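Let me begin by presenting the structure, written as structure tokens, before commenting on it.
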Amino acid sequence: MPQHPIPLTQPTLDEEEERAVLRVLRSRWVTQGPEIRAFEEQFACAIGTSHAIAVANGTLALEIAYAASGLGPGDEVLLPAITFVACWNAVLRAGAVPVLADVQGLGDLTLSPASVESLITERTRLVITMPHGGFPPDMQAFEELSRRRGVTIIEDACHAPLAELNGRRIGSFGLAGTWSFYGNKNMTTGEGGMITTNDAAFAEKCRLLRSHGLTSGTWQRETGEGPALYDVLQTGTNARMDELRAAIGLVQLEKLPSATAARRRNAEHLRELLAPLGDRGLEIPYVHHRGTSAHHLFCVLLPPDAEREAVMSRLREEGIQTSVHYRPIYEFSAARGIHDEEEMRRRLPVTAKVAPRLLTLPLGPRQTAEDNERIAEALGRALG
């Protein structure tokens with residue numbers, strides 16, 4: 001009997017989200033309104049910040065946060081070489097210069113504070129941290145670096161809702177945290193994003209930028225919370241989230257603690273099942289990690305002599321989806337002319353060692369113990 005496929009992850013969408021969407025549809029108010037407000041307030045509370053600004057997707061969260069921070073043409077932005085390309089794209093769209101930095105080590109794939117500090121110049125404006133796989137970076141070191149060198153920290157936090165470090169949630173460090181609620185994230189609204197911050201002036205800039213610089217939206221004018229006629233204070237764009245996604249987000253946020261606990265149990269089980277493959281050269285990052293992880297991804301480092309594409313093909317034949325999080329930015333065709341690949345490999349030695357060995361295995365809250373056993377056994381066979 002054929003076995004069921006094991007996807008990389010599965011969203012926890014069910015009847016509760018359906019009811020939430022129907023509630024909004026029946027209200028006949030589907031643009032920004034009470035659902036957005038409730039979602040922003042509850043998300044800010046969950047992350048431990050004073051403000052949260054809902055936007056249409058995670059990429060726009062980055063672009064708006066960059067713009068609200070004052071980033072402009074010619075400024076330099078330091079970011080991990082191993083991260084999703086949206087972070088890099090948003091820098092280029094601002095007319096700024098992306099500068100790639102190294103990761104900590106084979107056991108910790110988060111951004112290296114030492115590498116970042118070595119790359120700071122008089123043009124450096126922002127440092128973008130990323131909790132790779134849900135594991136907190138060394139945010140204390142980055143905050144100290146920010147104070148000492150005068151650079152601003154923005155967290156690309158979307159891997160790590162509810163992750164903690166020294167009693168603070170990821171997304172509450174630095175100037176701002178940016179979030180994506182894409183379908184493969186720990187909580188999803190399909191598309192959608194958020195910006196979190198404790199800086200009231202920055203939050204107001206973000207609100208203006210997400211909605212054409214308008215001083216009030218349709219809901220504020222409808223309810224009398226805003227003036228009958230709006231003003232436009234600056235140029236902006238349409239980065240608004242709608243009420244339907246916000247309603248889904250409220251349900252997803254309520255489910256997040258239990259879903260995160262399930263992810264943690266599955267990650268611990270997988271780690272235990274895969275431990276014997278250490279004899280064949282398999283390495284599992286974050287065996288010892290700082291803080292509390294959100295367990296967004298389960299990444300392994302294949303043996304140095306393994307052919308990654310062959311391993312992925314073998315697992316796919318057994319119904320197991322895999323991926324790579326992530327190929328270094330400098331390997332992509334779009335990066336040619338911006339980053340010299342050979343120079344990057346020399347300058348970022350840990351990234352160069354990690355990159356060809358990275359593999360992401362399935363991890364989700366609905367994964368079963370039997371699924372975990374299938375994954376471990378199939379990977380063992382794939383490694384030969």
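Lettering and numbering for the structure tokens are positional, with chains as A, B, ... in the shown order, residues counted from 1 in each chain, and ligands counted from 1 in the shown order.
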Surrounding residues of Ile338 in chain A excluding itself and chain neighbours under 2 positions, 10 Å, only C-alpha atoms, as an MDAnalysis selection string: chainID A and resid 97:99 330 334:336 340:341
Within range 55-127 of chain A, find each residue whose DSSP state, derived from the backbone, is strand (DSSP E or B), and express the selection as number ranges by chain. A: 55, 76-80, 97-101, 103-105, 108-111, 124-127
Distance query Asp305 in chain A at most 9 Å, only C-alpha atoms, self and fewer than 3 positions along chain excluded, as number ranges by chain: A: 281, 302, 357
Using only C-alpha atoms, which of A:Gly70, A:Gly192, A:Pro11, A:Gly183 sits nearest Ala56 in chain A?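 Nearest candidate to Ala56 in chain A out of A:Gly70, A:Gly192, A:Pro11, A:Gly183: A:Gly192.
The neighbours of Arg123 in chain A here are the residues that come within 12 Å of it, using only C-alpha atoms and leaving out any residue fewer than 4 positions away in the same chain; they are Leu71, Gly72, Pro73, Gly74, Asp75, Glu76, Val77, Leu78, Ala96, Val97, Pro98, Val99, Leu119, Val127, Arg149, Gly150 and Val151 of chain A.
Using only C-alpha atoms, the protein and nucleic acid residues lying no more than 12 Å from Glu243 in chain A, apart from those fewer than 6 places from it along its own chain, are Ala20, Val21, Leu22, Arg23, Val24, Leu25, Arg26, Ser27, Arg28, Trp29, Val30, Thr31, Gln32, Gly33, Pro34, Glu35, Ile36, Arg37, Ala38, Phe39, Glu40, Ala54, Val55, Ala56, Thr189, Gly192, Trp219, Gly249 and Leu250 of chain A.
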Residue selection dump (N, CA and C atoms) as a tab-separated table (two decimals), in the first residue's frame:
```tsv
chain	number	residue	atom	x	y	z
A	20	ALA	N	-14.00	32.25	10.67
A	20	ALA	CA	-13.52	33.63	10.79
A	20	ALA	C	-13.67	34.38	9.47
A	21	VAL	N	-13.34	33.72	8.36
A	21	VAL	CA	-13.49	34.35	7.05
A	21	VAL	C	-14.95	34.62	6.74
A	22	LEU	N	-15.83	33.66	7.04
A	22	LEU	CA	-17.26	33.86	6.80
A	22	LEU	C	-17.80	35.02	7.62
A	23	ARG	N	-17.31	35.17	8.85
A	23	ARG	CA	-17.75	36.28	9.70
A	23	ARG	C	-17.44	37.62	9.03
A	24	VAL	N	-16.24	37.72	8.46
A	24	VAL	CA	-15.85	38.97	7.79
A	24	VAL	C	-16.68	39.18	6.52
A	25	LEU	N	-16.85	38.13	5.73
A	25	LEU	CA	-17.64	38.27	4.51
A	25	LEU	C	-19.06	38.72	4.81
A	26	ARG	N	-19.63	38.17	5.86
A	26	ARG	CA	-21.01	38.53	6.22
A	26	ARG	C	-21.11	39.95	6.80
A	27	SER	N	-19.99	40.46	7.30
A	27	SER	CA	-19.99	41.83	7.83
A	27	SER	C	-20.01	42.86	6.71
A	28	ARG	N	-19.60	42.43	5.50
A	28	ARG	CA	-19.51	43.30	4.32
A	28	ARG	C	-18.40	44.34	4.42
A	29	TRP	N	-17.55	44.23	5.44
A	29	TRP	CA	-16.41	45.16	5.54
A	29	TRP	C	-15.13	44.34	5.41
A	30	VAL	N	-14.52	44.39	4.24
A	30	VAL	CA	-13.41	43.47	3.95
A	30	VAL	C	-12.06	44.18	3.82
A	31	THR	N	-12.06	45.53	3.82
A	31	THR	CA	-10.78	46.25	3.81
A	31	THR	C	-10.40	46.56	5.25
A	32	GLN	N	-9.40	47.41	5.46
A	32	GLN	CA	-8.88	47.61	6.82
A	32	GLN	C	-9.96	48.10	7.77
A	33	GLY	N	-10.09	47.42	8.90
A	33	GLY	CA	-11.12	47.73	9.87
A	33	GLY	C	-10.84	47.07	11.21
A	34	PRO	N	-11.87	46.57	11.89
A	34	PRO	CA	-11.70	46.06	13.25
A	34	PRO	C	-10.85	44.79	13.35
A	35	GLU	N	-10.87	43.94	12.31
A	35	GLU	CA	-10.06	42.72	12.35
A	35	GLU	C	-8.57	43.07	12.33
A	36	ILE	N	-8.21	44.02	11.47
A	36	ILE	CA	-6.82	44.48	11.40
A	36	ILE	C	-6.38	45.03	12.75
A	37	ARG	N	-7.21	45.87	13.33
A	37	ARG	CA	-6.85	46.47	14.61
A	37	ARG	C	-6.64	45.40	15.68
A	38	ALA	N	-7.55	44.44	15.76
A	38	ALA	CA	-7.43	43.37	16.76
A	38	ALA	C	-6.19	42.53	16.51
A	39	PHE	N	-5.93	42.22	15.25
A	39	PHE	CA	-4.76	41.40	14.91
A	39	PHE	C	-3.48	42.14	15.29
A	40	GLU	N	-3.38	43.41	14.98
A	40	GLU	CA	-2.20	44.20	15.32
A	40	GLU	C	-2.00	44.24	16.84
A	54	ALA	N	0.20	45.87	10.41
A	54	ALA	CA	-0.08	44.79	9.47
A	54	ALA	C	0.09	45.28	8.04
A	55	VAL	N	0.71	44.44	7.21
A	55	VAL	CA	0.94	44.78	5.81
A	55	VAL	C	0.62	43.57	4.93
A	56	ALA	N	0.70	43.77	3.62
A	56	ALA	CA	0.22	42.77	2.67
A	56	ALA	C	1.09	41.53	2.58
A	189	THR	N	-1.38	33.56	6.97
A	189	THR	CA	-2.60	34.18	6.49
A	189	THR	C	-2.69	34.03	4.97
A	192	GLY	N	0.72	37.90	3.68
A	192	GLY	CA	0.53	38.82	4.79
A	192	GLY	C	1.83	39.04	5.52
A	219	TRP	N	-12.00	53.16	7.27
A	219	TRP	CA	-12.66	52.74	8.51
A	219	TRP	C	-12.69	53.89	9.52
A	249	GLY	N	-5.44	35.45	10.66
A	249	GLY	CA	-4.28	35.64	11.52
A	249	GLY	C	-4.63	35.57	12.99
A	250	LEU	N	-5.78	36.08	13.38
A	250	LEU	CA	-6.20	36.03	14.78
A	250	LEU	C	-6.37	34.59	15.25
```
Can you tell me which residues surround Val85 in chain A at a distance of at most 12 Å, considering only C-alpha atoms, apart from same-chain residues fewer than 5 positions away, and format the answer as a compact mmCIF listing (two decimals) with N, CA and C atoms, in the first residue's frame?
```txt
# COMPACT_ATOMS: atom_id res chain seq x y z
N GLY A 58 5.40 39.80 3.69
CA GLY A 58 6.65 39.98 4.41
C GLY A 58 7.67 40.83 3.69
N THR A 59 7.66 40.78 2.36
CA THR A 59 8.60 41.59 1.59
C THR A 59 8.29 43.08 1.77
N LEU A 62 9.57 44.36 5.03
CA LEU A 62 10.98 44.74 4.94
C LEU A 62 11.14 46.10 4.25
N LEU A 79 23.72 41.99 5.87
CA LEU A 79 22.72 40.94 6.03
C LEU A 79 23.37 39.58 5.85
N PRO A 80 22.73 38.51 6.32
CA PRO A 80 23.33 37.19 6.18
C PRO A 80 23.42 36.77 4.71
N ALA A 90 14.89 43.75 -1.13
CA ALA A 90 14.36 44.98 -0.54
C ALA A 90 15.44 46.04 -0.38
N VAL A 91 16.67 45.61 -0.12
CA VAL A 91 17.79 46.55 -0.04
C VAL A 91 18.02 47.20 -1.41
N LEU A 92 18.06 46.40 -2.44
CA LEU A 92 18.30 46.92 -3.78
C LEU A 92 17.17 47.82 -4.24
N PRO A 98 23.63 46.03 -0.69
CA PRO A 98 23.67 44.89 0.21
C PRO A 98 25.10 44.38 0.40
N LEU A 100 27.08 41.20 2.20
CA LEU A 100 26.82 39.89 2.77
C LEU A 100 27.82 39.55 3.87
N ASP A 156 14.75 40.49 10.61
CA ASP A 156 13.91 39.74 9.67
C ASP A 156 13.47 38.50 10.44
N HIS A 325 17.46 25.68 2.79
CA HIS A 325 17.25 27.00 3.40
C HIS A 325 18.57 27.52 3.98
N TYR A 326 19.35 28.24 3.21
CA TYR A 326 19.09 28.69 1.85
C TYR A 326 20.38 28.57 1.05
N ARG A 327 20.25 28.62 -0.27
CA ARG A 327 21.46 28.83 -1.06
C ARG A 327 21.98 30.23 -0.76
N PRO A 328 23.30 30.41 -0.67
CA PRO A 328 23.82 31.76 -0.43
C PRO A 328 23.38 32.72 -1.54
N ILE A 329 23.10 33.94 -1.15
CA ILE A 329 22.65 34.96 -2.10
C ILE A 329 23.61 35.08 -3.28
N TYR A 330 24.91 34.99 -3.00
CA TYR A 330 25.89 35.23 -4.06
C TYR A 330 25.89 34.17 -5.15
N GLU A 331 25.19 33.05 -4.95
CA GLU A 331 25.14 32.00 -5.97
C GLU A 331 24.10 32.28 -7.05
N PHE A 332 23.16 33.18 -6.80
CA PHE A 332 22.07 33.39 -7.74
C PHE A 332 22.50 34.24 -8.93
N SER A 333 21.86 33.98 -10.07
CA SER A 333 22.19 34.71 -11.30
C SER A 333 22.01 36.21 -11.12
N ALA A 334 20.96 36.60 -10.39
CA ALA A 334 20.69 38.03 -10.20
C ALA A 334 21.78 38.74 -9.40
N ALA A 335 22.59 37.98 -8.67
CA ALA A 335 23.64 38.59 -7.84
C ALA A 335 24.93 38.86 -8.62
```
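Atom pair CA of Thr9 in chain A / CA of Pro362 in chain A has a distance of 5.9 Å (rounded to one decimal).
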Skipping near chain neighbours, those fewer than 4 positions away, what residues fall within 9 Å of Asn166 in chain A using only C-alpha atoms, listed as a PyMOL selection string? chain A and resi 290-292
